Amino acid sequence: MKTGATVTRKVTKKATRKTPAPAKAPAAKWGARADLGKPVDGFFARQPPELRAILEALRVEVERAAPGAVGAIKWGMPFYTLDGEMMCALAGHKTHVNLILAGPPGTYADPAGRLEGAGKTGKHLKLRTLAELPRAAVRAWLKTAAKTATKTARAKAAG
């Protein structure tokens, strides 16, 4: 029922009276996540062994592609930023891992068609096993993500 709506209540058999509906309580505001900004190590430690191996391999590739990237927990998963701009994120799901790459459409060369997603802000690589990890492609995508983040940060700084 909407605030300000009218409720019809029967007063007698012959008459009805209209009274305002009771006001709804304001919507609850979500507080900040307890893990927001925390180091990423705890995330990796909590993952099941089969997914942790994939996530750790991706973490190494992120560190190689962008040694200056800063990792911190945001929305419950590791996000990596350069100069304050998102570069990538790693997500662990029940049966797979995602490498989430930030950037507008057309940012990442993907002739093999491994990247998924049609969003305006990026693509992702879904991996179920460590053997599926296309290391050379991931290195190239992460270097592109690092360049994109740095370019975005410089553009914002230039104003």
# chains A, B, ... in the order shown; residues from 1 in each chain; ligands from 1
$ residues_around --residues "segment 140-153 of chain A" --least-positions-apart "2" --cutoff "6 Å" --atoms "only C-alpha atoms" --output "MDAnalysis selection string"
chainID A and resid 65 85 87 137:138 155:156
$ residues_around --residues "segment 120-131 of chain A" --least-positions-apart "4" --cutoff "10 Å" --atoms "only C-alpha atoms" --output "JSON, numbers by chain"
{"A": [50, 51, 52, 53, 54, 55, 56, 57, 58, 87, 88, 89, 90, 91, 92, 93, 94, 95, 96, 97, 98, 99, 100, 101, 102, 103, 104, 105, 106, 107, 108, 113, 114, 115, 116, 135, 138, 145]}
$ write_last_selection --atoms "C-alpha atoms" --output "tab-separated table (two decimals), in the first residue's frame"
chain	number	residue	atom	x	y	z
A	50	GLU	CA	39.97	-26.13	-6.53
A	51	LEU	CA	38.89	-22.50	-6.95
A	52	ARG	CA	41.71	-21.08	-4.84
A	53	ALA	CA	44.28	-22.45	-7.31
A	54	ILE	CA	42.61	-20.56	-10.17
A	55	LEU	CA	42.23	-17.38	-8.12
A	56	GLU	CA	45.86	-17.47	-6.97
A	57	ALA	CA	47.05	-17.93	-10.57
A	58	LEU	CA	44.96	-14.93	-11.62
A	87	MET	CA	41.36	-2.33	-13.37
A	88	CYS	CA	39.83	-5.74	-12.64
A	89	ALA	CA	38.19	-7.90	-10.02
A	90	LEU	CA	38.25	-11.60	-9.12
A	91	ALA	CA	35.07	-13.40	-8.15
A	92	GLY	CA	34.73	-16.89	-6.68
A	93	HIS	CA	31.42	-18.66	-7.23
A	94	LYS	CA	30.33	-22.20	-6.32
A	95	THR	CA	31.62	-23.87	-9.47
A	96	HIS	CA	33.71	-21.26	-11.25
A	97	VAL	CA	35.85	-18.15	-11.01
A	98	ASN	CA	35.43	-14.91	-12.94
A	99	LEU	CA	38.13	-12.48	-13.96
A	100	ILE	CA	36.21	-9.23	-14.39
A	101	LEU	CA	37.86	-6.71	-16.70
A	102	ALA	CA	36.80	-3.07	-16.60
A	103	GLY	CA	36.48	-1.03	-19.76
A	104	PRO	CA	34.04	0.08	-22.43
A	105	PRO	CA	32.94	-2.22	-25.28
A	106	GLY	CA	35.74	-2.97	-27.73
A	107	THR	CA	38.51	-2.57	-25.15
A	108	TYR	CA	39.70	-6.19	-25.22
A	113	GLY	CA	35.65	-15.45	-28.05
A	114	ARG	CA	36.48	-16.40	-24.46
A	115	LEU	CA	35.25	-13.21	-22.81
A	116	GLU	CA	31.60	-13.01	-21.81
A	135	ARG	CA	47.66	-17.29	-19.59
A	138	VAL	CA	44.93	-13.05	-19.65
A	145	ALA	CA	42.99	-3.12	-18.32
$ atom_distance --atom1 "atom CA of Lys74 of chain A" --atom2 "atom CA of Val62 of chain A"
16.6 Å
$ select_by_dssp --residues "chain A" --states "helix (DSSP H, G or I)" --output "ChimeraX atom specification"
/A:41-45,49-65,130-132,135-158
$ select_by_dssp --residues "segment 25-78 of chain A" --states "strand (DSSP E or B)" --output "MDAnalysis selection string"
chainID A and resid 70:74 77:78
$ atom_distance --atom1 "atom CA of Lys38 of chain A" --atom2 "atom CA of Ala72 of chain A"
5.6 Å
$ closest_residue --among "A:Glu132, A:Pro39, A:Ala157, A:Asp110" --to "Asp83 of chain A" --atoms "only C-alpha atoms"
A:Ala157
$ residues_around --residues "Asp41 of chain A" --least-positions-apart "5" --cutoff "10 Å" --atoms "only C-alpha atoms" --output "number ranges by chain"
A: 46, 71-73, 78
